[in-house]
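*Asks:* Take this structure, written in structure tokens, and hold onto it; I'll ask about it next.
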Amino acid sequence: MAANRPDQATHVTAAATLTEAATPTGPGADAVVVAGLRKSYGAVQAARGTSFTVQHGEIFALLGPNGAGKTTTLEILEGFRARDAGRVEVLGLDPGDRSNGRALRERIGLVLQDIAVEPYLTVRETIARNAGYYSAPHDVDEVIALTGLAGQARQKVRALSGGQKRRLDLALGLIGAPELLFLDEPTTGFDPNARRDAWQIIRGLRGQGTTIVLTTHYMEEAQALADRVAVISGGQIVAEGTPATIGGRDTARARIRFALPAGYTAADLPADSGPTGAVSAGGLVTVETAEPTRILHQLTGWALRYGMVLDQLTVDRPSLEDIYLRLTGHDEPGHTTERNPW
Amino acid sequence: MVSLTRQQAPRRDFALLWHQIRYEQLSFWRNPQAAFFTFLFPVVIITIFGALFRDASGSSYFYGLSALQYYVPTIAVLSVLGACYSQLAIVLSTRRENGILKRVRATPLPAWTYFLGLLAHCIMISAVDVALITGIGAAFGTPLPTHWPAIALALVLGAASFCALGVAVASLIRNSEAAPAVVQLVLFPLVFISGSYMPIHSDMLNRISGALPVRPFNLALTGPFAQHSGFDWKDLGVLLAWGAAGTLIAVRRFRWDPRPE
């Protein structure tokens with residue numbers, strides 16, 4: 001798991017600003033267990049035997065198109081909705097059992113999709129009010145500082161910008177010092193800087209031992225944050241793994257692409273390096289191969305021998321988004337790639 | 001260890017309730033609209049009536065009372081309806097629609113603490129309202145009441161019952177935009193036939209409104225306010241029954257989530 005967290009060391013400082021560390025229930029126990037979860041709304045099946053587990057201390061991302069059942073699954077875990085069938089355990093408790101409600105809500109935090117905060121209190125008052133609901137909350141000012149709201153602490157909530165309200169929402173999710181934090185599309189509507197700040201906070205929380213379950217539309221976000229991702233489509237998990245290996249990403253054939261030099265055709269290329277599929281209208285050649293090193297050597301050798309330049313040369317593997325689109329049935333090959341500079 | 005936890009739990013629950021009441025009060029006083037309308041409307045009405053009827057003496061039209069002796073308790077009841085029934089129905093349906101109730105549900109705050117906090121908040125606002133109206137009545141020469149325990153009981157019971165009815169209405173209407181209209185649609189005719197704005201001299205109408213919640217509240221407050229009578233158990237009983245009915249609907253039908261399942 002550590003191999004997926006090259007950025008962890010950088011965020012120890014962010015994590016250190018919150019004094020209380022979350023305590024996992026016990027070694028080995030999973031933070032979340034979902035097995036054979038079913039939920040229908042009339043004829044619509046939002047969950048059709050969904051199964052996955054989330055380990056303590058990891059960031060787990062649920063990816064899926066709108067209506068795939070992400071929010072329904074999350075709301076069942078949060079205790080907002082009742083399930084039709086299946087087993088669900090959150091921190092060892094059944095969220096469907098109302099008698100667990102208060103004990104569970106002491107230990108989980110949530111940031112829901114829509115912003116909802118009362119307009120007339122100040123930022124500090126809003127956070128202090130919610131802090132009073134928990135038996136062992138974080139320090140109010142530490143959470144204000146962590147979420148970057150120090151400058152707005154005395155402002156009325158209604159005077160905040162959309163992004164600031166979203167950060168207040170995150171502060172309210174954190175204030176109870178949760179062991180497990182649910183984030184439903186946490187950075188939707190953020191500008192790139194705000195998104196990176198939010199990622200920094202989320203990584204910092206993981207650094208402290210907080211388990212995080214998030215849903216997102218942004219592949220970039222899943223790639224940057226998640227230890228493991230699960231792709232949900234039509235109410236079922238269609239793939240699960242680390243962002244680097246999900247859907248066979250690591251073993252998929254590499255793609256070499258370049259513009260065919262003027263005056264040459266695909267037939268002029270070395271025998272092994274023939275294009276996979278047709279040459280695009282713009283003269284771009286795509287070669288899919290299991291041996292990118294040898295093929296690239298052959299191609300560049302060919303180009304140097306004739307004194308040519310291979311314009312727009314890239315080598316990549318399918319991006320998380322390519323895999324996602326394939327898994328959710330919206331395959332558009334060749335359009336979304338993650339540049340991998342060699 | 002176990003006994004220690006048991007001793008601390010009620011204290012913590014009480015502290016939590018107080019915490020909740022404080023923040024309800026803070027939100028209320030910070031919202032100029034809510035504070036303004038809850039107080040302004042009954043104060044304006046009683047001031048107008050005061051100016052109109054300040055010199056009128058007792059008449060049979062007002063059951064032997066002076067006009068202001070009649071109006072101070074009925075307008076006081078009107079202010080309690082605004083502070084409890086209307087406020088709760090509108091505030092709760094708005095908070096639900098905005099997703100604020102769902103956030104409350106996501107915290108360990110017990111539902112009963114949330115509602116008890118709202119109830120206590122509304123009773124406090126009602127007390128301020130009634131004190132204000134009594135004071136204005138006194139400024140126009142209405143004698144102050146003497147039977148305070150009966151007034152306090154009628155006030156608390158009436159406020160609680162109308163809070164329950166407010167929560168019940170918020171449970172039954174789904175759309176927060178419709179809330180103010182529904183609230184007024186129910187309240188205005190009810191207040192009118194209950195004699196809040198003018199005495200009703202129709203036995204049939206009084207029998208009907210006597211079984212509905214507003215007239216019993218008027219009577220339970222008018223007795224100790226103006227007629228030197230004590231506890232009006234029959235009318236308090238009717239109020240209590242309506243409060244119980246409202247509570248039952250609220251418990252069974254209240255939703256925290258803006259989207260029904």
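By convention in this document, the chains of the structure tokens carry letters A, B, ... by their order, each chain's residues are numbered from 1, and ligands are numbered from 1 in the order they are shown.
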Excluding range 146-163 of chain B and any residue of its chain fewer than 2 positions from it, enumerate the residues within 7 Å of it, using only C-alpha atoms, and give them as a PyMOL selection string.
*Replies:* chain B and resi 80-81+84-85+88+119+123+144+165-167+217+220-221+224+228+230-231+236+239-240+242-243
*Asks:* Residues within 7 Å of Tyr120 in chain A, please, as a VMD selection string. Count only C-alpha atoms; anything in the same chain fewer than 4 positions from it doesn't count.
*Replies:* (chain A and resid 156 to 158) or (chain B and resid 27 30 to 31)
*Asks:* For the residues in the current selection, export N, CA and C atoms as a PDB file, in the first residue's frame.
*Replies:*
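The file below, again28.pdb, is the result:
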```pdb
ATOM      1  N   LYS A 156     -20.305  35.716   8.755  1.00  0.00           N
ATOM      2  CA  LYS A 156     -21.567  34.977   8.688  1.00  0.00           C
ATOM      3  C   LYS A 156     -21.487  33.987   7.525  1.00  0.00           C
ATOM      4  N   VAL A 157     -22.108  32.858   7.713  1.00  0.00           N
ATOM      5  CA  VAL A 157     -22.039  31.812   6.700  1.00  0.00           C
ATOM      6  C   VAL A 157     -22.597  32.284   5.358  1.00  0.00           C
ATOM      7  N   ARG A 158     -23.642  33.102   5.411  1.00  0.00           N
ATOM      8  CA  ARG A 158     -24.260  33.499   4.132  1.00  0.00           C
ATOM      9  C   ARG A 158     -23.358  34.415   3.308  1.00  0.00           C
TER      10      ARG A 158
ATOM     11  N   SER B  27     -29.424  31.667  16.205  1.00  0.00           N
ATOM     12  CA  SER B  27     -29.887  31.689  14.810  1.00  0.00           C
ATOM     13  C   SER B  27     -31.131  32.557  14.671  1.00  0.00           C
ATOM     14  N   ARG B  30     -30.408  36.307  14.988  1.00  0.00           N
ATOM     15  CA  ARG B  30     -29.580  36.802  13.884  1.00  0.00           C
ATOM     16  C   ARG B  30     -30.395  36.941  12.599  1.00  0.00           C
ATOM     17  N   ASN B  31     -31.555  36.271  12.536  1.00  0.00           N
ATOM     18  CA  ASN B  31     -32.365  36.315  11.328  1.00  0.00           C
ATOM     19  C   ASN B  31     -33.370  37.450  11.479  1.00  0.00           C
TER      20      ASN B  31
END
```
*Asks:* Define the interface residues of chain A facing chain B as those within 8 Å, counting only C-alpha atoms, and report them as a list in words.
*Replies:*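 Here is what falls inside 8 Å: Tyr41, Glu78, Arg81, Gly101, Arg102, Ala103, Leu104, Arg105, Glu106, Gly109, Leu110, Asp114, Ile115, Ala116, Val117, Glu118, Tyr120, Leu121, Arg129, Asn130, Gly132, Tyr133 and Tyr134 of chain A.
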*Asks:* So that I can see what lies close to Val72 in chain B, please list as a PDB file with N, CA and C atoms, in the first residue's frame the residues with an atom at most 9 Å from it, counting only C-alpha atoms and leaving out residues fewer than 3 positions away in the same chain.
*Replies:*
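Final output, saved to result-v4.pdb:
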```pdb
ATOM      1  N   ILE B  46     -51.814  44.913  18.749  1.00  0.00           N
ATOM      2  CA  ILE B  46     -52.257  45.301  20.086  1.00  0.00           C
ATOM      3  C   ILE B  46     -52.128  46.821  20.274  1.00  0.00           C
ATOM      4  N   ALA B  67     -62.647  46.246  26.030  1.00  0.00           N
ATOM      5  CA  ALA B  67     -62.112  45.708  24.767  1.00  0.00           C
ATOM      6  C   ALA B  67     -60.664  45.251  24.940  1.00  0.00           C
ATOM      7  N   LEU B  68     -59.848  46.036  25.623  1.00  0.00           N
ATOM      8  CA  LEU B  68     -58.444  45.676  25.750  1.00  0.00           C
ATOM      9  C   LEU B  68     -58.245  44.470  26.653  1.00  0.00           C
ATOM     10  N   GLN B  69     -59.083  44.349  27.693  1.00  0.00           N
ATOM     11  CA  GLN B  69     -59.008  43.149  28.534  1.00  0.00           C
ATOM     12  C   GLN B  69     -59.282  41.907  27.686  1.00  0.00           C
ATOM     13  N   ILE B  75     -54.592  38.401  21.558  1.00  0.00           N
ATOM     14  CA  ILE B  75     -53.427  38.756  20.724  1.00  0.00           C
ATOM     15  C   ILE B  75     -52.175  38.071  21.266  1.00  0.00           C
ATOM     16  N   ALA B  76     -52.124  37.875  22.588  1.00  0.00           N
ATOM     17  CA  ALA B  76     -51.006  37.112  23.164  1.00  0.00           C
ATOM     18  C   ALA B  76     -51.001  35.696  22.581  1.00  0.00           C
ATOM     19  N   VAL B  77     -52.193  35.100  22.488  1.00  0.00           N
ATOM     20  CA  VAL B  77     -52.295  33.763  21.885  1.00  0.00           C
ATOM     21  C   VAL B  77     -51.831  33.815  20.423  1.00  0.00           C
ATOM     22  N   VAL B 130     -45.456  37.422  24.912  1.00  0.00           N
ATOM     23  CA  VAL B 130     -46.599  37.646  25.801  1.00  0.00           C
ATOM     24  C   VAL B 130     -46.293  38.777  26.784  1.00  0.00           C
ATOM     25  N   ILE B 133     -46.722  42.074  24.965  1.00  0.00           N
ATOM     26  CA  ILE B 133     -48.120  42.428  24.710  1.00  0.00           C
ATOM     27  C   ILE B 133     -48.816  42.839  26.003  1.00  0.00           C
ATOM     28  N   THR B 134     -48.516  42.109  27.087  1.00  0.00           N
ATOM     29  CA  THR B 134     -49.088  42.474  28.384  1.00  0.00           C
ATOM     30  C   THR B 134     -48.639  43.885  28.775  1.00  0.00           C
ATOM     31  N   ILE B 136     -47.701  46.360  26.752  1.00  0.00           N
ATOM     32  CA  ILE B 136     -48.357  47.374  25.921  1.00  0.00           C
ATOM     33  C   ILE B 136     -49.801  47.565  26.385  1.00  0.00           C
ATOM     34  N   GLY B 137     -50.478  46.436  26.714  1.00  0.00           N
ATOM     35  CA  GLY B 137     -51.840  46.516  27.240  1.00  0.00           C
ATOM     36  C   GLY B 137     -51.868  47.365  28.508  1.00  0.00           C
ATOM     37  N   THR B 142     -54.783  48.709  30.742  1.00  0.00           N
ATOM     38  CA  THR B 142     -55.376  47.422  31.093  1.00  0.00           C
ATOM     39  C   THR B 142     -54.756  46.933  32.403  1.00  0.00           C
ATOM     40  N   THR B 222     -57.599  33.890  28.738  1.00  0.00           N
ATOM     41  CA  THR B 222     -58.456  35.028  29.094  1.00  0.00           C
ATOM     42  C   THR B 222     -58.917  34.931  30.545  1.00  0.00           C
ATOM     43  N   PHE B 225     -56.149  35.980  32.838  1.00  0.00           N
ATOM     44  CA  PHE B 225     -55.706  37.323  32.466  1.00  0.00           C
ATOM     45  C   PHE B 225     -56.704  38.384  32.911  1.00  0.00           C
ATOM     46  N   ALA B 226     -58.000  38.137  32.622  1.00  0.00           N
ATOM     47  CA  ALA B 226     -58.969  39.217  32.752  1.00  0.00           C
ATOM     48  C   ALA B 226     -60.117  38.913  33.705  1.00  0.00           C
TER      49      ALA B 226
END
```
*Asks:* Between CA of Ala131 in chain A and CA of Arg203 in chain A, what is the distance, to one decimal in Å?
*Replies:*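 It comes out at 22.3 Å.
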